[in-house]
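So this block is data.txt, compact mmCIF, C-alpha atoms and all ligand atoms:
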# COMPACT_ATOMS: atom_id res chain seq x y z
CA MET A 1280 0.00 0.00 0.00
CA THR A 1281 1.29 3.42 -0.95
CA THR A 1282 0.87 6.23 1.56
CA ARG A 1283 0.88 9.99 1.06
CA GLN A 1284 4.25 10.08 2.81
CA ASP A 1285 5.61 7.56 0.25
CA CYS A 1286 4.47 9.96 -2.48
CA LEU A 1287 6.26 12.90 -0.85
CA ASP A 1288 9.45 10.83 -0.37
CA ARG A 1289 9.48 9.64 -3.95
CA ASP A 1290 8.79 13.14 -5.26
CA ALA A 1291 11.76 14.43 -3.25
CA ALA A 1292 14.04 11.77 -4.74
CA ASP A 1293 12.84 12.18 -8.33
CA PRO A 1294 15.50 13.56 -10.68
CA LEU A 1295 12.79 15.43 -12.62
CA GLY A 1296 11.43 17.01 -9.44
CA ALA A 1297 13.27 20.33 -9.83
CA VAL A 1298 11.93 20.88 -13.35
CA ARG A 1299 8.61 21.94 -11.80
CA ASP A 1300 10.31 25.18 -10.70
CA ARG A 1301 10.52 26.16 -14.38
CA PHE A 1302 6.73 26.63 -14.33
CA SER A 1303 4.46 29.27 -12.87
CA LEU A 1304 1.57 27.37 -11.30
CA PRO A 1305 -1.28 28.91 -9.29
CA GLN A 1306 -1.50 28.19 -5.56
CA GLY A 1307 -4.21 25.85 -4.38
CA VAL A 1308 -4.70 24.15 -7.73
CA ILE A 1309 -3.82 20.63 -8.85
CA TYR A 1310 -3.47 20.93 -12.58
CA LEU A 1311 -4.22 17.69 -14.39
CA ASP A 1312 -5.03 19.18 -17.79
CA GLY A 1313 -1.59 19.77 -19.28
CA ASN A 1314 -2.66 17.43 -22.08
CA SER A 1315 -5.14 20.12 -23.19
CA LEU A 1316 -3.31 23.34 -22.32
CA GLY A 1317 0.18 23.07 -20.88
CA ALA A 1318 1.05 25.20 -17.85
CA LEU A 1319 2.93 28.51 -18.14
CA PRO A 1320 6.73 28.22 -18.18
CA VAL A 1321 8.34 31.13 -16.37
CA ALA A 1322 10.72 31.64 -19.30
CA ALA A 1323 7.82 31.93 -21.76
CA ARG A 1324 6.23 34.75 -19.78
CA ASP A 1325 9.52 36.65 -19.66
CA ALA A 1326 10.33 36.04 -23.33
CA VAL A 1327 6.94 37.31 -24.50
CA GLN A 1328 7.31 40.44 -22.40
CA ASP A 1329 10.74 41.06 -23.94
CA ALA A 1330 9.48 40.39 -27.47
CA VAL A 1331 6.62 42.84 -27.00
CA GLU A 1332 8.38 45.66 -25.21
CA ARG A 1333 12.00 45.62 -26.36
CA GLN A 1334 11.78 43.92 -29.74
CA TRP A 1335 8.42 44.96 -31.21
CA GLY A 1336 8.14 48.17 -29.15
CA GLY A 1337 11.74 49.27 -29.46
CA ASP A 1338 13.26 47.79 -32.58
CA LEU A 1339 10.09 47.58 -34.67
CA ILE A 1340 10.53 46.04 -38.11
CA ALA A 1341 14.32 45.72 -37.72
CA SER A 1342 13.52 42.87 -35.33
CA TRP A 1343 12.96 40.45 -38.21
CA ASN A 1344 16.71 40.46 -38.71
CA LYS A 1345 18.03 41.87 -35.45
CA HIS A 1346 16.17 39.42 -33.21
CA GLY A 1347 16.07 36.52 -35.64
CA TRP A 1348 12.28 36.55 -36.01
CA ILE A 1349 12.54 35.31 -39.58
CA GLY A 1350 14.31 32.11 -38.51
CA LEU A 1351 12.07 31.38 -35.52
CA PRO A 1352 9.93 28.63 -37.17
CA GLN A 1353 13.07 26.62 -37.94
CA LYS A 1354 14.70 27.36 -34.57
CA VAL A 1355 11.59 26.13 -32.74
CA GLY A 1356 11.39 23.14 -35.08
CA GLY A 1357 14.95 22.24 -34.13
CA LYS A 1358 14.09 22.29 -30.42
CA ILE A 1359 11.06 20.04 -30.99
CA ALA A 1360 13.12 17.66 -33.17
CA ARG A 1361 15.12 16.42 -30.19
CA LEU A 1362 11.93 15.51 -28.36
CA ILE A 1363 10.51 13.41 -31.20
CA GLY A 1364 13.55 11.59 -32.56
CA ALA A 1365 13.97 13.73 -35.68
CA GLU A 1366 16.78 15.79 -37.19
CA ALA A 1367 16.61 19.56 -36.76
CA ASP A 1368 16.09 20.09 -40.49
CA GLU A 1369 13.10 17.75 -40.57
CA VAL A 1370 10.83 19.80 -38.30
CA VAL A 1371 9.33 23.28 -38.52
CA ALA A 1372 6.81 25.16 -36.39
CA ALA A 1373 3.84 26.48 -38.34
CA ASP A 1374 0.09 26.89 -38.47
CA SER A 1375 -2.22 24.58 -36.48
CA VAL A 1376 -2.28 20.80 -36.38
CA SER A 1377 -5.38 20.87 -38.57
CA VAL A 1378 -3.71 22.95 -41.27
CA ASN A 1379 -0.50 20.92 -41.13
CA LEU A 1380 -2.43 17.66 -41.53
CA PHE A 1381 -4.13 19.14 -44.57
CA LYS A 1382 -0.82 20.23 -46.11
CA LEU A 1383 0.86 16.88 -45.53
CA ALA A 1384 -2.06 14.65 -46.53
CA ALA A 1385 -2.70 16.66 -49.69
CA ALA A 1386 0.99 16.53 -50.59
CA ALA A 1387 1.11 12.76 -50.08
CA VAL A 1388 -1.95 12.23 -52.28
CA SER A 1389 -0.61 14.48 -55.04
CA ALA A 1390 2.80 12.83 -55.06
CA GLN A 1391 1.57 9.29 -55.38
CA GLY A 1392 0.11 9.03 -58.84
CA GLY A 1393 -2.45 6.28 -59.14
CA ARG A 1394 -3.00 5.67 -55.45
CA ARG A 1395 -6.10 7.47 -54.26
CA VAL A 1396 -7.20 6.03 -50.91
CA VAL A 1397 -6.61 7.98 -47.72
CA LEU A 1398 -6.88 5.62 -44.78
CA THR A 1399 -7.61 6.40 -41.14
CA GLU A 1400 -9.40 5.03 -38.08
CA GLY A 1401 -12.77 6.23 -36.82
CA GLY A 1402 -13.27 7.51 -33.28
CA ASP A 1403 -10.08 9.51 -33.37
CA PHE A 1404 -9.70 13.22 -32.72
CA PRO A 1405 -12.42 14.91 -34.81
CA THR A 1406 -10.28 17.49 -36.59
CA ASP A 1407 -8.18 14.76 -38.19
CA LEU A 1408 -11.28 13.21 -39.73
CA TYR A 1409 -12.81 16.56 -40.66
CA ILE A 1410 -9.66 17.63 -42.49
CA LEU A 1411 -9.61 14.41 -44.51
CA GLN A 1412 -13.30 14.86 -45.32
CA GLY A 1413 -12.53 18.36 -46.60
CA LEU A 1414 -9.62 17.07 -48.67
CA ALA A 1415 -11.75 14.32 -50.22
CA GLY A 1416 -14.42 16.91 -50.96
CA MET A 1417 -12.08 19.09 -52.97
CA MET A 1418 -10.27 16.22 -54.72
CA PRO A 1419 -13.08 14.02 -56.10
CA GLU A 1420 -10.60 11.32 -57.11
CA VAL A 1421 -9.66 10.82 -53.45
CA GLU A 1422 -11.45 8.08 -51.56
CA LEU A 1423 -11.53 8.35 -47.78
CA ARG A 1424 -11.49 4.94 -46.09
CA VAL A 1425 -12.34 5.05 -42.36
CA VAL A 1426 -11.92 1.75 -40.53
CA ALA A 1427 -12.76 0.62 -37.00
CA PRO A 1428 -10.00 0.92 -34.38
CA GLY A 1429 -7.39 -1.78 -35.00
CA GLY A 1430 -8.43 -2.22 -38.63
CA ILE A 1431 -5.54 -0.51 -40.41
CA GLY A 1432 -3.53 -3.64 -41.18
CA ALA A 1433 -6.43 -5.37 -42.94
CA ALA A 1434 -7.35 -2.22 -44.90
CA LEU A 1435 -3.89 -1.62 -46.42
CA ASP A 1436 -3.73 -2.34 -50.15
CA GLU A 1437 -2.08 -1.05 -53.32
CA ARG A 1438 -4.57 1.82 -53.59
CA VAL A 1439 -3.69 3.41 -50.25
CA THR A 1440 -1.59 6.54 -50.53
CA VAL A 1441 -1.38 7.85 -46.96
CA VAL A 1442 -2.44 6.58 -43.53
CA LEU A 1443 -3.26 9.14 -40.84
CA LEU A 1444 -3.16 7.98 -37.23
CA SER A 1445 -2.86 9.53 -33.79
CA HIS A 1446 0.14 8.16 -31.93
CA VAL A 1447 -1.74 8.45 -28.61
CA HIS A 1448 -5.54 8.34 -28.63
CA TYR A 1449 -6.88 11.64 -27.31
CA ARG A 1450 -9.53 10.08 -25.10
CA SER A 1451 -8.21 6.73 -23.88
CA GLY A 1452 -4.51 7.56 -24.01
CA ALA A 1453 -3.81 4.27 -25.80
CA VAL A 1454 -0.45 4.30 -27.62
CA ARG A 1455 -0.30 2.85 -31.11
CA ASP A 1456 2.59 0.65 -32.20
CA MET A 1457 4.35 3.19 -34.38
CA ALA A 1458 7.19 0.97 -35.58
CA GLY A 1459 4.92 -1.97 -36.42
CA LEU A 1460 2.36 0.16 -38.24
CA ASN A 1461 5.05 2.04 -40.15
CA ALA A 1462 6.51 -1.25 -41.35
CA ALA A 1463 3.10 -2.44 -42.57
CA ILE A 1464 2.34 0.91 -44.21
CA ARG A 1465 5.73 0.95 -45.95
CA ALA A 1466 5.29 -2.66 -47.13
CA ALA A 1467 1.99 -1.61 -48.73
CA GLY A 1468 3.75 1.25 -50.53
CA ALA A 1469 1.92 4.01 -48.65
CA LEU A 1470 3.12 6.87 -46.46
CA SER A 1471 2.47 7.23 -42.74
CA LEU A 1472 1.22 10.51 -41.29
CA TRP A 1473 1.27 10.63 -37.48
CA ASP A 1474 -0.59 13.05 -35.26
CA LEU A 1475 1.71 13.53 -32.27
CA SER A 1476 -0.57 15.94 -30.38
CA HIS A 1477 -0.77 13.70 -27.31
CA SER A 1478 2.73 12.24 -27.47
CA ALA A 1479 5.20 15.06 -28.22
CA GLY A 1480 6.67 16.21 -24.90
CA VAL A 1481 5.42 13.28 -22.85
CA LEU A 1482 6.56 10.09 -24.62
CA ASP A 1483 10.02 9.22 -25.92
CA VAL A 1484 8.84 9.50 -29.52
CA ASP A 1485 11.48 8.34 -32.04
CA LEU A 1486 10.18 9.07 -35.52
CA ASN A 1487 13.33 8.15 -37.42
CA ARG A 1488 14.08 4.99 -35.50
CA ASP A 1489 10.48 3.89 -36.02
CA GLY A 1490 10.46 4.71 -39.73
CA ALA A 1491 7.81 7.46 -39.81
CA ASP A 1492 7.31 9.40 -43.05
CA LEU A 1493 5.29 12.46 -42.00
CA ALA A 1494 3.96 13.89 -38.74
CA ALA A 1495 2.30 16.89 -37.17
CA GLY A 1496 1.74 17.81 -33.55
CA CYS A 1497 0.51 20.33 -31.09
CA GLY A 1498 2.41 23.22 -29.49
CA TYR A 1499 -0.01 24.03 -26.67
CA LYS A 1500 -0.36 20.66 -24.92
CA TYR A 1501 2.71 18.95 -23.46
CA LEU A 1502 5.04 21.45 -25.17
CA ASN A 1503 3.49 24.26 -23.09
CA GLY A 1504 3.59 26.89 -25.83
CA GLY A 1505 0.44 28.68 -24.63
CA PRO A 1506 -3.14 28.97 -25.89
CA GLY A 1507 -3.29 28.52 -29.65
CA ALA A 1508 0.48 28.04 -29.88
CA PRO A 1509 1.80 27.19 -33.35
CA ALA A 1510 1.85 23.51 -34.19
CA PHE A 1511 4.76 21.68 -35.84
CA LEU A 1512 5.24 19.31 -38.71
CA PHE A 1513 7.85 16.69 -39.64
CA VAL A 1514 8.86 15.51 -43.11
CA ALA A 1515 11.51 12.78 -43.23
CA ARG A 1516 14.52 13.92 -45.25
CA ARG A 1517 14.01 11.19 -47.82
CA HIS A 1518 10.66 12.75 -48.79
CA GLN A 1519 11.56 16.42 -48.66
CA ALA A 1520 12.43 16.90 -52.33
CA ALA A 1521 9.39 15.09 -53.71
CA LEU A 1522 6.55 16.49 -51.59
CA ARG A 1523 5.01 19.89 -52.32
CA ASN A 1524 3.11 22.11 -49.90
CA PRO A 1525 -0.30 22.78 -51.50
CA LEU A 1526 -0.58 26.01 -49.49
CA SER A 1527 2.19 27.58 -51.54
CA GLY A 1528 2.47 30.85 -49.67
CA TRP A 1529 5.38 33.24 -49.92
CA MET A 1530 7.11 32.14 -46.70
CA GLY A 1531 7.62 28.72 -48.27
CA HIS A 1532 9.17 30.21 -51.40
CA ALA A 1533 12.85 29.60 -52.12
CA ARG A 1534 13.45 33.39 -52.17
CA PRO A 1535 10.47 35.16 -50.56
CA PHE A 1536 12.12 38.57 -50.71
CA ASP A 1537 12.76 38.44 -54.45
CA PHE A 1538 9.05 39.25 -54.88
CA ILE A 1539 8.80 37.43 -58.20
CA ASP A 1540 5.60 36.14 -59.82
CA ASP A 1541 6.32 32.42 -59.93
CA TYR A 1542 6.36 30.08 -56.97
CA THR A 1543 9.48 27.99 -56.44
CA PRO A 1544 9.38 25.90 -53.27
CA ALA A 1545 12.20 26.39 -50.81
CA PRO A 1546 14.47 23.37 -50.54
CA GLY A 1547 14.09 21.31 -47.41
CA ILE A 1548 11.64 21.86 -44.58
CA ASP A 1549 11.16 25.60 -45.21
CA ARG A 1550 8.66 24.98 -48.02
CA TRP A 1551 6.10 23.89 -45.42
CA LEU A 1552 5.67 27.44 -44.22
CA CYS A 1553 2.82 29.38 -45.74
CA GLY A 1554 2.32 32.90 -44.42
CA THR A 1555 4.08 35.20 -41.97
CA PRO A 1556 4.90 33.34 -38.75
CA PRO A 1557 3.14 34.48 -35.52
CA ILE A 1558 6.19 35.84 -33.72
CA LEU A 1559 4.71 36.42 -30.27
CA SER A 1560 3.30 32.90 -30.15
CA LEU A 1561 6.51 31.40 -31.49
CA THR A 1562 8.48 33.36 -28.91
CA ALA A 1563 6.39 31.80 -26.15
CA LEU A 1564 6.75 28.31 -27.61
CA SER A 1565 10.49 28.68 -28.12
CA ALA A 1566 11.07 29.71 -24.51
CA ALA A 1567 8.62 27.06 -23.28
CA LEU A 1568 10.67 24.36 -24.99
CA ASP A 1569 13.68 25.33 -22.91
CA ALA A 1570 11.86 23.74 -19.96
CA PHE A 1571 13.00 20.46 -21.59
CA ASP A 1572 16.69 21.47 -21.41
CA GLY A 1573 18.71 18.63 -19.92
CA VAL A 1574 15.58 16.48 -19.61
CA ASP A 1575 15.75 12.89 -20.83
CA MET A 1576 12.52 11.92 -22.63
CA LYS A 1577 12.82 8.34 -21.41
CA ALA A 1578 12.68 9.65 -17.84
CA VAL A 1579 9.70 11.83 -18.78
CA ARG A 1580 7.83 8.88 -20.16
CA ALA A 1581 8.69 6.72 -17.16
CA ARG A 1582 7.37 9.37 -14.82
CA ALA A 1583 4.16 9.77 -16.85
CA GLY A 1584 3.63 6.02 -16.55
CA ALA A 1585 4.33 6.00 -12.82
CA LEU A 1586 1.95 8.90 -12.18
CA GLY A 1587 -0.79 7.22 -14.21
CA ASP A 1588 -0.26 3.90 -12.43
CA LEU A 1589 -0.47 5.61 -9.07
CA PHE A 1590 -3.68 7.40 -10.08
CA ILE A 1591 -5.35 4.19 -11.23
CA GLU A 1592 -4.27 2.37 -8.06
CA ARG A 1593 -5.56 5.16 -5.82
CA VAL A 1594 -8.88 5.63 -7.67
CA GLU A 1595 -9.61 1.93 -7.51
CA ALA A 1596 -8.81 1.86 -3.80
CA ARG A 1597 -10.38 5.15 -2.66
CA CYS A 1598 -13.34 5.43 -5.08
CA ALA A 1599 -14.36 1.78 -5.40
CA GLY A 1600 -18.04 1.16 -6.06
CA LYS A 1601 -18.74 4.75 -7.11
CA GLY A 1602 -19.42 4.18 -10.80
CA LEU A 1603 -15.95 4.91 -12.20
CA VAL A 1604 -14.73 2.56 -14.94
CA LEU A 1605 -11.19 2.73 -16.29
CA ALA A 1606 -11.25 3.77 -19.96
CA SER A 1607 -7.46 3.75 -20.52
CA PRO A 1608 -4.98 0.91 -20.87
CA ARG A 1609 -3.93 -0.41 -17.48
CA ASP A 1610 -0.46 -1.20 -18.82
CA ALA A 1611 1.68 1.94 -18.69
CA THR A 1612 3.84 0.77 -21.59
CA VAL A 1613 0.89 1.29 -23.95
CA ARG A 1614 -0.59 4.34 -22.23
CA GLY A 1615 0.27 7.99 -22.88
CA GLY A 1616 0.27 10.79 -20.33
CA GLN A 1617 -3.41 10.72 -19.45
CA VAL A 1618 -5.84 8.44 -17.68
CA ALA A 1619 -9.56 8.39 -18.48
CA PHE A 1620 -12.43 7.02 -16.47
CA THR A 1621 -16.06 6.90 -17.46
CA HIS A 1622 -18.76 7.94 -15.00
CA PRO A 1623 -22.48 8.30 -15.83
CA GLN A 1624 -22.37 11.84 -14.36
CA GLY A 1625 -18.89 12.61 -15.66
CA TRP A 1626 -19.60 16.23 -16.52
CA ALA A 1627 -20.97 17.08 -13.06
CA VAL A 1628 -18.18 15.18 -11.28
CA MET A 1629 -15.55 17.10 -13.26
CA GLN A 1630 -17.23 20.46 -12.58
CA ASN A 1631 -17.23 19.63 -8.90
CA LEU A 1632 -13.56 18.63 -9.03
CA ILE A 1633 -12.67 21.89 -10.75
CA ALA A 1634 -14.59 23.86 -8.12
CA ARG A 1635 -12.45 22.05 -5.53
CA GLY A 1636 -9.23 23.02 -7.34
CA VAL A 1637 -8.55 19.75 -9.18
CA ILE A 1638 -8.51 20.59 -12.88
CA GLY A 1639 -9.01 17.82 -15.40
CA ASP A 1640 -11.44 17.76 -18.30
CA PHE A 1641 -14.49 16.06 -19.70
CA ARG A 1642 -14.95 14.46 -23.12
CA ALA A 1643 -18.46 13.61 -24.30
CA PRO A 1644 -20.37 11.51 -23.61
CA ASP A 1645 -19.12 10.35 -20.20
CA VAL A 1646 -15.32 10.47 -19.99
CA ILE A 1647 -13.40 12.34 -17.31
CA ARG A 1648 -9.78 12.72 -18.29
CA PHE A 1649 -6.73 13.43 -16.13
CA GLY A 1650 -3.40 14.43 -17.65
CA PHE A 1651 -0.13 13.86 -15.83
CA ALA A 1652 2.34 16.26 -17.41
CA PRO A 1653 5.55 14.80 -15.99
CA LEU A 1654 7.44 18.10 -15.89
CA TYR A 1655 5.24 19.57 -13.18
CA VAL A 1656 2.77 17.04 -11.74
CA ARG A 1657 3.95 15.33 -8.53
CA ARG A 1658 2.96 12.06 -6.90
CA ALA A 1659 1.52 14.02 -3.97
CA ASP A 1660 -0.75 15.86 -6.43
CA VAL A 1661 -2.03 12.53 -7.68
CA TRP A 1662 -2.70 11.40 -4.12
CA ASP A 1663 -4.49 14.61 -3.17
CA SER A 1664 -6.61 14.73 -6.32
CA VAL A 1665 -7.95 11.24 -5.66
CA GLU A 1666 -8.77 12.19 -2.06
CA VAL A 1667 -10.84 15.12 -3.36
CA MET A 1668 -12.59 12.89 -5.88
CA GLY A 1669 -13.33 10.36 -3.16
CA GLU A 1670 -14.97 13.05 -1.01
CA ILE A 1671 -17.05 14.27 -3.95
CA LEU A 1672 -18.27 10.79 -4.79
CA ASP A 1673 -18.93 9.86 -1.15
CA SER A 1674 -20.98 13.00 -0.47
CA GLU A 1675 -22.52 13.14 -3.97
CA SER A 1676 -21.91 16.88 -3.92
CA TRP A 1677 -21.76 16.70 -7.72
CA ARG A 1678 -25.58 16.64 -7.60
CA GLU A 1679 -25.65 20.37 -6.82
CA ALA A 1680 -27.35 22.40 -9.56
CA ARG A 1681 -24.26 24.55 -10.23
CA PHE A 1682 -22.36 21.50 -11.49
CA GLN A 1683 -25.01 20.51 -14.03
CA THR A 1684 -24.86 23.19 -16.76
CA LEU A 1685 -22.67 22.52 -19.81
CA ALA A 1686 -20.16 25.18 -20.86
CA ALA A 1687 -19.08 26.12 -24.40
CA VAL A 1688 -15.57 24.70 -23.98
CA THR A 1689 -15.29 21.39 -22.18
C1 LIG B 1701 -5.28 18.87 -29.74
C2 LIG B 1701 -5.29 18.05 -30.97
C3 LIG B 1701 -5.28 18.67 -32.22
C4 LIG B 1701 -5.29 20.16 -32.32
O1 LIG B 1701 -5.51 20.64 -33.59
P1 LIG B 1701 -5.42 22.20 -33.86
O2 LIG B 1701 -5.77 22.33 -35.27
O3 LIG B 1701 -4.02 22.63 -33.58
O4 LIG B 1701 -6.41 22.87 -32.95
C5 LIG B 1701 -5.23 17.85 -33.34
N1 LIG B 1701 -5.21 16.52 -33.23
C6 LIG B 1701 -5.25 15.89 -32.03
C7 LIG B 1701 -5.19 14.40 -31.94
C8 LIG B 1701 -5.30 16.65 -30.87
O5 LIG B 1701 -5.34 16.05 -29.68
Spit out the file's structure as structure tokens when you get a sec.
Amino acid sequence: MTTRQDCLDRDAADPLGAVRDRFSLPQGVIYLDGNSLGALPVAARDAVQDAVERQWGGDLIASWNKHGWIGLPQKVGGKIARLIGAEADEVVAADSVSVNLFKLAAAAVSAQGGRRVVLTEGGDFPTDLYILQGLAGMMPEVELRVVAPGGIGAALDERVTVVLLSHVHYRSGAVRDMAGLNAAIRAAGALSLWDLSHSAGVLDVDLNRDGADLAAGCGYKYLNGGPGAPAFLFVARRHQAALRNPLSGWMGHARPFDFIDDYTPAPGIDRWLCGTPPILSLTALSAALDAFDGVDMKAVRARAGALGDLFIERVEARCAGKGLVLASPRDATVRGGQVAFTHPQGWAVMQNLIARGVIGDFRAPDVIRFGFAPLYVRRADVWDSVEVMGEILDSESWREARFQTLAAVT
């Protein structure tokens, strides 16, 4: 049996423990939603203030050169590359995940001649499916094939051009076998396109070791880049010359400041830019990524697994018989940074938890989700959050009217 004192002792001995000091976290709150919006790194706050006041305010347009604004998408891409097992020149920060998935999927379809099937699994994060639906709508020759979870292997054939999959499922946290799927996708002659939104910054992703072709991921979740932070995309070097960005904006041109009429894509990863990069947001993301300085991603993943294991153990001990059912893999080796439970009154339970200072989130229809961002969540937080949930379920305080109304953002 673990005790709260065990949690405190193990937190004190944890080599990642001091990394929490790189974050500004509010008092009296246990933040278990870093998988939706990462916490504020102290360095990001300071960097944005400097970029606004000294750079934009003081140096105005000279800042594009003087403060390296023009190279920020590539600089940020290079910092993310280390976290996902890529080379610095294979990653760039740009746009949103949705837009990057569109660019990459459209490029894969266009590059692959006769192959016309875009393959994905149903029940995944909605934007991924919506983007593919939009792509199929504008390219009538494209056929969108959506299979049930686990059905990719059987659906691969010589007509498939690209396979889009989330590395970690946004609701259950289940981790897909990236190396195995990539091998099957490659054997079928198709390209893989991974959504790393729930794995970058929490798992020891290794795109090149595992043979990935293309990927995109989120800047505002475990990378802590702030609300609406730019996303990133990855194109393996071996594909960089052949694939074309369909959003052929001037920032992806080989010589944007020549101001000529014809588009020539930049060599390498730069062609995946479209318009002017959002400098304030990139500044925040760039500084936020420094919270990973000196941090070993294997240790990050191990800690995420340990925190999730502890949470499951405590919920099943403290909240037994209260209607909670585990909706995530029990085995930490195939689970990402979050743990989900279903509860028939999940929305009300989560609103009550939030009112008590334990912040997780709710995903329709009945999932309550808890994220364990390993850079700043401690074992003691896990312990305390389960105690609060136990009190809520014992007293049924979630029945209060104020916990029943749905909000616009869940
Ligand atoms: C959060 C998330 C996104 C975010 O997409 P945006 O276009 O950047 O808002 C995409 N895919 C998955 C799987 C996500 O979890």
All residues within 9 Å of ligand LIG 1701 (chain B) are required, counting only C-alpha atoms and all ligand atoms; please report them as a ChimeraX atom specification. /A:1314-1316,1374-1380,1403-1407,1444-1450,1474-1477,1495-1500,1507-1510
Proximity check range 1301-1405 of chain A to range 1602-1620 of chain A, 10 Å, nearest pairs one decimal Å, all atoms listed in the file, as JSON lines:
{"residue": "A:Leu1311", "atom": "CA", "partner": "A:Gln1617", "partner_atom": "CA", "distance": 8.7}
{"residue": "A:Asp1312", "atom": "CA", "partner": "A:Gln1617", "partner_atom": "CA", "distance": 8.8}
{"residue": "A:Gly1313", "atom": "CA", "partner": "A:Gly1616", "partner_atom": "CA", "distance": 9.2}
{"residue": "A:Asn1314", "atom": "CA", "partner": "A:Gln1617", "partner_atom": "CA", "distance": 7.2}
Please identify all polymer residues lying at most 6 Å from the point (5.1, 13.2, -38.0) (file coordinates), using all atoms listed in the file, and present the result as a VMD selection string. chain A and resid 1472 to 1473 1493 to 1495 1513
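Distances here use only C-alpha atoms; by that measure, the residue among A:Glu1400, A:Arg1523, A:Ala1462, A:Leu1304 closest to Arg1488 in chain A is A:Ala1462.
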Which of these, A:Gly1505, A:Glu1369, A:Ala1643, A:Ile1431, has the shortest distance to Leu1559 in chain A once you count only C-alpha atoms?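 Of the candidates, the smallest distance to Leu1559 in chain A is held by A:Gly1505.
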Contacts between range 1672-1675 of chain A and range 1605-1656 of chain A, please, where a residue of range 1605-1656 of chain A counts if it comes within 12 Å (with only C-alpha atoms); show its shortest atom pair and distance in Å to one decimal, rows by chain and ascending number, as a Markdown table.
| residue | atom | partner | partner_atom | distance |
| --- | --- | --- | --- | --- |
| A:His1622 | CA | A:Leu1672 | CA | 10.6 |
| A:Gln1624 | CA | A:Leu1672 | CA | 10.5 |
| A:Gly1625 | CA | A:Leu1672 | CA | 11.0 |
| A:Ala1627 | CA | A:Glu1675 | CA | 10.0 |
| A:Val1628 | CA | A:Leu1672 | CA | 7.8 |
| A:Met1629 | CA | A:Leu1672 | CA | 10.9 |
| A:Asn1631 | CA | A:Glu1675 | CA | 9.7 |
| A:Leu1632 | CA | A:Leu1672 | CA | 10.1 |
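Once Pro1320 in chain A and its same-chain neighbours fewer than 2 positions away are set aside, Arg1301, Phe1302, Ser1303, Ala1322, Ala1323 and Ala1567 of chain A remain within 6 Å of it when counting all atoms listed in the file.
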Give me, please, the distance in Å between CA of Gly1600 in chain A and CA of Val1667 in chain A, quoted to one decimal.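 Rounded to one decimal, the two atoms are 15.9 Å apart.
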Expected answer as a PyMOL selection string: all residues with atoms within 6 Å of (14.5, 22.8, -20.2), all atoms listed in the file: chain A and resi 1569-1573
To one decimal place, how far is CA of Asp1329 in chain A from CA of Thr1562 in chain A in Å?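 That distance, rounded to one decimal, is 9.4 Å.
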Quick one: pull the distance between CA of Val1397 in chain A and CA of Leu1470 in chain A, Å, one decimal. 9.9 Å
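Distances to Gly1468 in chain A were evaluated for A:Leu1414, A:Ala1387, A:Asn1487, A:Gly1528 using only C-alpha atoms, and the minimum falls at A:Ala1387.
The residue that comes closest to Gly1587 in chain A, out of A:Pro1556, A:Gly1452, A:Gly1350, A:Gly1317 and on the basis of all atoms listed in the file, is A:Gly1452.
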A:Val1656, A:Val1574, A:Val1637, A:Ala1533 ranked by distance to Arg1361 in chain A, top pick (using all atoms listed in the file): A:Val1574
